[in-house]
Structure formats: structure tokens, C-alpha cells
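Chemist: Just one file: final-v4.cif, with mmCIF, N, CA and C atoms.
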```cif
data_final
loop_
_atom_site.label_atom_id
_atom_site.label_comp_id
_atom_site.auth_asym_id
_atom_site.auth_seq_id
_atom_site.Cartn_x
_atom_site.Cartn_y
_atom_site.Cartn_z
N MET Y 1 9.31 8.47 -34.91
CA MET Y 1 9.75 8.53 -33.54
C MET Y 1 8.89 7.56 -32.72
N ALA Y 2 9.53 6.82 -31.86
CA ALA Y 2 8.83 5.83 -31.04
C ALA Y 2 8.06 6.53 -29.93
N SER Y 3 6.90 5.97 -29.63
CA SER Y 3 6.11 6.57 -28.54
C SER Y 3 6.73 6.19 -27.20
N PRO Y 4 6.67 7.11 -26.22
CA PRO Y 4 7.27 6.81 -24.92
C PRO Y 4 6.47 5.72 -24.20
N THR Y 5 7.17 4.91 -23.45
CA THR Y 5 6.49 3.86 -22.69
C THR Y 5 5.80 4.49 -21.49
N PRO Y 6 4.60 4.04 -21.17
CA PRO Y 6 3.90 4.62 -20.01
C PRO Y 6 4.60 4.23 -18.72
N SER Y 7 4.62 5.15 -17.78
CA SER Y 7 5.25 4.84 -16.50
C SER Y 7 4.27 4.05 -15.63
N ARG Y 8 4.78 3.14 -14.88
CA ARG Y 8 3.97 2.32 -13.99
C ARG Y 8 4.09 2.87 -12.58
N ALA Y 9 2.98 3.06 -11.94
CA ALA Y 9 2.99 3.53 -10.57
C ALA Y 9 3.41 2.39 -9.65
N GLY Y 10 4.18 2.70 -8.62
CA GLY Y 10 4.65 1.67 -7.70
C GLY Y 10 3.73 1.54 -6.50
N GLY Y 11 3.16 0.37 -6.33
CA GLY Y 11 2.26 0.13 -5.21
C GLY Y 11 2.96 -0.39 -3.98
N GLY Y 12 4.24 -0.73 -4.12
CA GLY Y 12 4.98 -1.25 -2.97
C GLY Y 12 5.10 -0.26 -1.84
N ILE Y 13 5.19 1.02 -2.19
CA ILE Y 13 5.31 2.04 -1.15
C ILE Y 13 4.03 2.09 -0.31
N LEU Y 14 2.91 1.78 -0.92
CA LEU Y 14 1.65 1.77 -0.17
C LEU Y 14 1.64 0.63 0.85
N ILE Y 15 2.20 -0.50 0.46
CA ILE Y 15 2.26 -1.64 1.38
C ILE Y 15 3.18 -1.32 2.56
N VAL Y 16 4.35 -0.76 2.25
CA VAL Y 16 5.31 -0.42 3.31
C VAL Y 16 4.75 0.66 4.22
N ALA Y 17 4.10 1.67 3.63
CA ALA Y 17 3.51 2.73 4.44
C ALA Y 17 2.41 2.17 5.34
N GLY Y 18 1.62 1.25 4.83
CA GLY Y 18 0.58 0.63 5.65
C GLY Y 18 1.16 -0.13 6.83
N ILE Y 19 2.25 -0.85 6.58
CA ILE Y 19 2.88 -1.60 7.67
C ILE Y 19 3.42 -0.66 8.74
N PHE Y 20 4.13 0.39 8.30
CA PHE Y 20 4.71 1.32 9.27
C PHE Y 20 3.64 2.07 10.05
N LEU Y 21 2.65 2.60 9.34
CA LEU Y 21 1.60 3.33 10.03
C LEU Y 21 0.79 2.42 10.95
N GLY Y 22 0.53 1.20 10.49
CA GLY Y 22 -0.17 0.25 11.34
C GLY Y 22 0.61 -0.10 12.60
N ALA Y 23 1.92 -0.25 12.45
CA ALA Y 23 2.75 -0.55 13.62
C ALA Y 23 2.76 0.61 14.61
N ILE Y 24 2.87 1.83 14.08
CA ILE Y 24 2.89 3.00 14.96
C ILE Y 24 1.57 3.17 15.69
N ILE Y 25 0.48 3.08 14.94
CA ILE Y 25 -0.84 3.24 15.56
C ILE Y 25 -1.12 2.08 16.52
N GLY Y 26 -0.76 0.88 16.13
CA GLY Y 26 -0.93 -0.27 17.01
C GLY Y 26 -0.10 -0.15 18.27
N PHE Y 27 1.12 0.37 18.15
CA PHE Y 27 1.97 0.56 19.33
C PHE Y 27 1.34 1.56 20.29
N LEU Y 28 0.73 2.61 19.75
CA LEU Y 28 0.09 3.61 20.60
C LEU Y 28 -1.08 3.02 21.39
N TYR Y 29 -1.74 2.02 20.81
CA TYR Y 29 -2.85 1.36 21.49
C TYR Y 29 -2.42 0.09 22.23
N GLY Y 30 -1.13 -0.21 22.24
CA GLY Y 30 -0.64 -1.38 22.94
C GLY Y 30 -0.87 -2.68 22.19
N GLN Y 31 -1.14 -2.60 20.90
CA GLN Y 31 -1.41 -3.78 20.07
C GLN Y 31 -0.63 -3.67 18.77
N ALA Y 32 0.68 -3.81 18.85
CA ALA Y 32 1.52 -3.58 17.68
C ALA Y 32 1.30 -4.64 16.59
N THR Y 33 1.20 -5.91 16.98
CA THR Y 33 1.05 -6.96 15.96
C THR Y 33 -0.25 -6.84 15.18
N PRO Y 34 -1.40 -6.68 15.83
CA PRO Y 34 -2.62 -6.47 15.04
C PRO Y 34 -2.55 -5.20 14.19
N GLY Y 35 -1.88 -4.18 14.69
CA GLY Y 35 -1.72 -2.96 13.92
C GLY Y 35 -0.94 -3.19 12.64
N VAL Y 36 0.13 -3.99 12.75
CA VAL Y 36 0.94 -4.31 11.57
C VAL Y 36 0.10 -5.11 10.57
N LEU Y 37 -0.65 -6.08 11.05
CA LEU Y 37 -1.45 -6.91 10.15
C LEU Y 37 -2.57 -6.12 9.48
N ILE Y 38 -3.22 -5.25 10.23
CA ILE Y 38 -4.26 -4.41 9.65
C ILE Y 38 -3.65 -3.43 8.66
N GLY Y 39 -2.51 -2.85 9.00
CA GLY Y 39 -1.82 -1.95 8.08
C GLY Y 39 -1.38 -2.66 6.81
N LEU Y 40 -0.93 -3.88 6.94
CA LEU Y 40 -0.54 -4.68 5.78
C LEU Y 40 -1.74 -4.93 4.88
N ALA Y 41 -2.87 -5.30 5.47
CA ALA Y 41 -4.08 -5.56 4.68
C ALA Y 41 -4.54 -4.30 3.96
N ILE Y 42 -4.50 -3.16 4.63
CA ILE Y 42 -4.90 -1.90 4.00
C ILE Y 42 -3.92 -1.53 2.89
N GLY Y 43 -2.63 -1.73 3.13
CA GLY Y 43 -1.62 -1.44 2.11
C GLY Y 43 -1.77 -2.31 0.88
N ILE Y 44 -2.05 -3.58 1.08
CA ILE Y 44 -2.24 -4.48 -0.06
C ILE Y 44 -3.49 -4.08 -0.84
N ALA Y 45 -4.56 -3.74 -0.12
CA ALA Y 45 -5.79 -3.32 -0.80
C ALA Y 45 -5.54 -2.05 -1.62
N ALA Y 46 -4.81 -1.10 -1.06
CA ALA Y 46 -4.51 0.13 -1.78
C ALA Y 46 -3.64 -0.14 -3.00
N ALA Y 47 -2.66 -1.03 -2.86
CA ALA Y 47 -1.80 -1.37 -3.99
C ALA Y 47 -2.59 -2.08 -5.09
N LEU Y 48 -3.52 -2.95 -4.71
CA LEU Y 48 -4.35 -3.61 -5.72
C LEU Y 48 -5.26 -2.62 -6.44
N LEU Y 49 -5.81 -1.66 -5.70
CA LEU Y 49 -6.64 -0.64 -6.34
C LEU Y 49 -5.81 0.19 -7.32
N LEU Y 50 -4.58 0.51 -6.93
CA LEU Y 50 -3.69 1.26 -7.82
C LEU Y 50 -3.37 0.43 -9.06
N LEU Y 51 -3.13 -0.86 -8.89
CA LEU Y 51 -2.85 -1.75 -10.02
C LEU Y 51 -4.04 -1.79 -10.98
N LEU Y 52 -5.24 -1.94 -10.43
CA LEU Y 52 -6.43 -2.01 -11.28
C LEU Y 52 -6.67 -0.68 -12.00
N ARG Y 53 -6.41 0.42 -11.32
CA ARG Y 53 -6.58 1.73 -11.96
C ARG Y 53 -5.53 1.94 -13.04
N ASP Y 54 -4.32 1.44 -12.81
CA ASP Y 54 -3.23 1.63 -13.75
C ASP Y 54 -3.40 0.77 -15.00
N ARG Y 55 -4.13 -0.32 -14.90
CA ARG Y 55 -4.32 -1.22 -16.05
C ARG Y 55 -5.21 -0.62 -17.12
N ARG Y 56 -6.08 0.31 -16.73
CA ARG Y 56 -7.01 0.91 -17.71
C ARG Y 56 -6.32 1.84 -18.65
#
```
Re-express the file's structure as C-alpha cells.
Modeler:
Amino acid sequence: MASPTPSRAGGGILIVAGIFLGAIIGFLYGQATPGVLIGLAIGIAAALLLLLRDRR
């Protein structure tokens, strides 16, 4: 019997969540664009951490 293939975690949702949360928080502070950019950076960092953890 063949061994099951390991499932890969999706990091894209972390990027999208970072963008949305950054936009919402930035909008509350009157700075939507910096909020989106900061949220994007945090989302990418989280997705990269997930990728590195998943590679092991």
C-alpha cells in the first residue's frame, strides 16, 4: 500500500488575513495604506515561517 502524501499547509491565507487586518486597523487610525503594507509584511513573514516549519 502506498504511503499517503503529506498535506501542505497554505500560507496564502496568512498573507490575505494580514492585508485585511492591516487595512482595517490602518483605517481606524486614518492610515489605511501604511496599514495594508504593514499587514502585508507581517503576512508574508508568517507565511515564510509556516513554509520553513513545513519543510522539516
Chemist: Taking into account only C-alpha atoms, which residue in the set Y:Gly18, Y:Gly26, Y:Gly11, Y:Pro34 is nearest to Leu50 in chain Y?
Modeler: Y:Gly11
Chemist: May I ask which of the residues Y:Leu40, Y:Ala47, Y:Ile25, Y:Leu52 is the closest one to Gly12 in chain Y, counting only N, CA and C atoms?
Modeler: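 Nearest candidate to Gly12 in chain Y out of Y:Leu40, Y:Ala47, Y:Ile25, Y:Leu52: Y:Ala47.
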Chemist: One decimal, in Å: what's the spacing between atom N of Val16 in chain Y and atom N of Ala32 in chain Y?
Modeler: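 Distance reported for this atom pair: 17.3 Å.
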Chemist: Given the file shown, determine the residues that the PyMOL selection byres ((chain Y and resi 36) around 8) selects; report them as a PyMOL selection string.
Modeler: chain Y and resi 18-27+31-35+37-42
Chemist: State, in Å with one decimal place, the distance from CA of Leu14 in chain Y to atom N of Ala46 in chain Y.
Modeler: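 The value is 7.1 Å.
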Chemist: Among chain Y, which ones does DSSP assign to helix (DSSP H, G or I) (computed from the backbone)? Answer as a PyMOL selection string.
Modeler: chain Y and resi 12-28+32-55
Chemist: At what distance in Å, to one decimal, does atom C of Gly10 in chain Y lie from atom N of Ile44 in chain Y?
Modeler: 10.8 Å
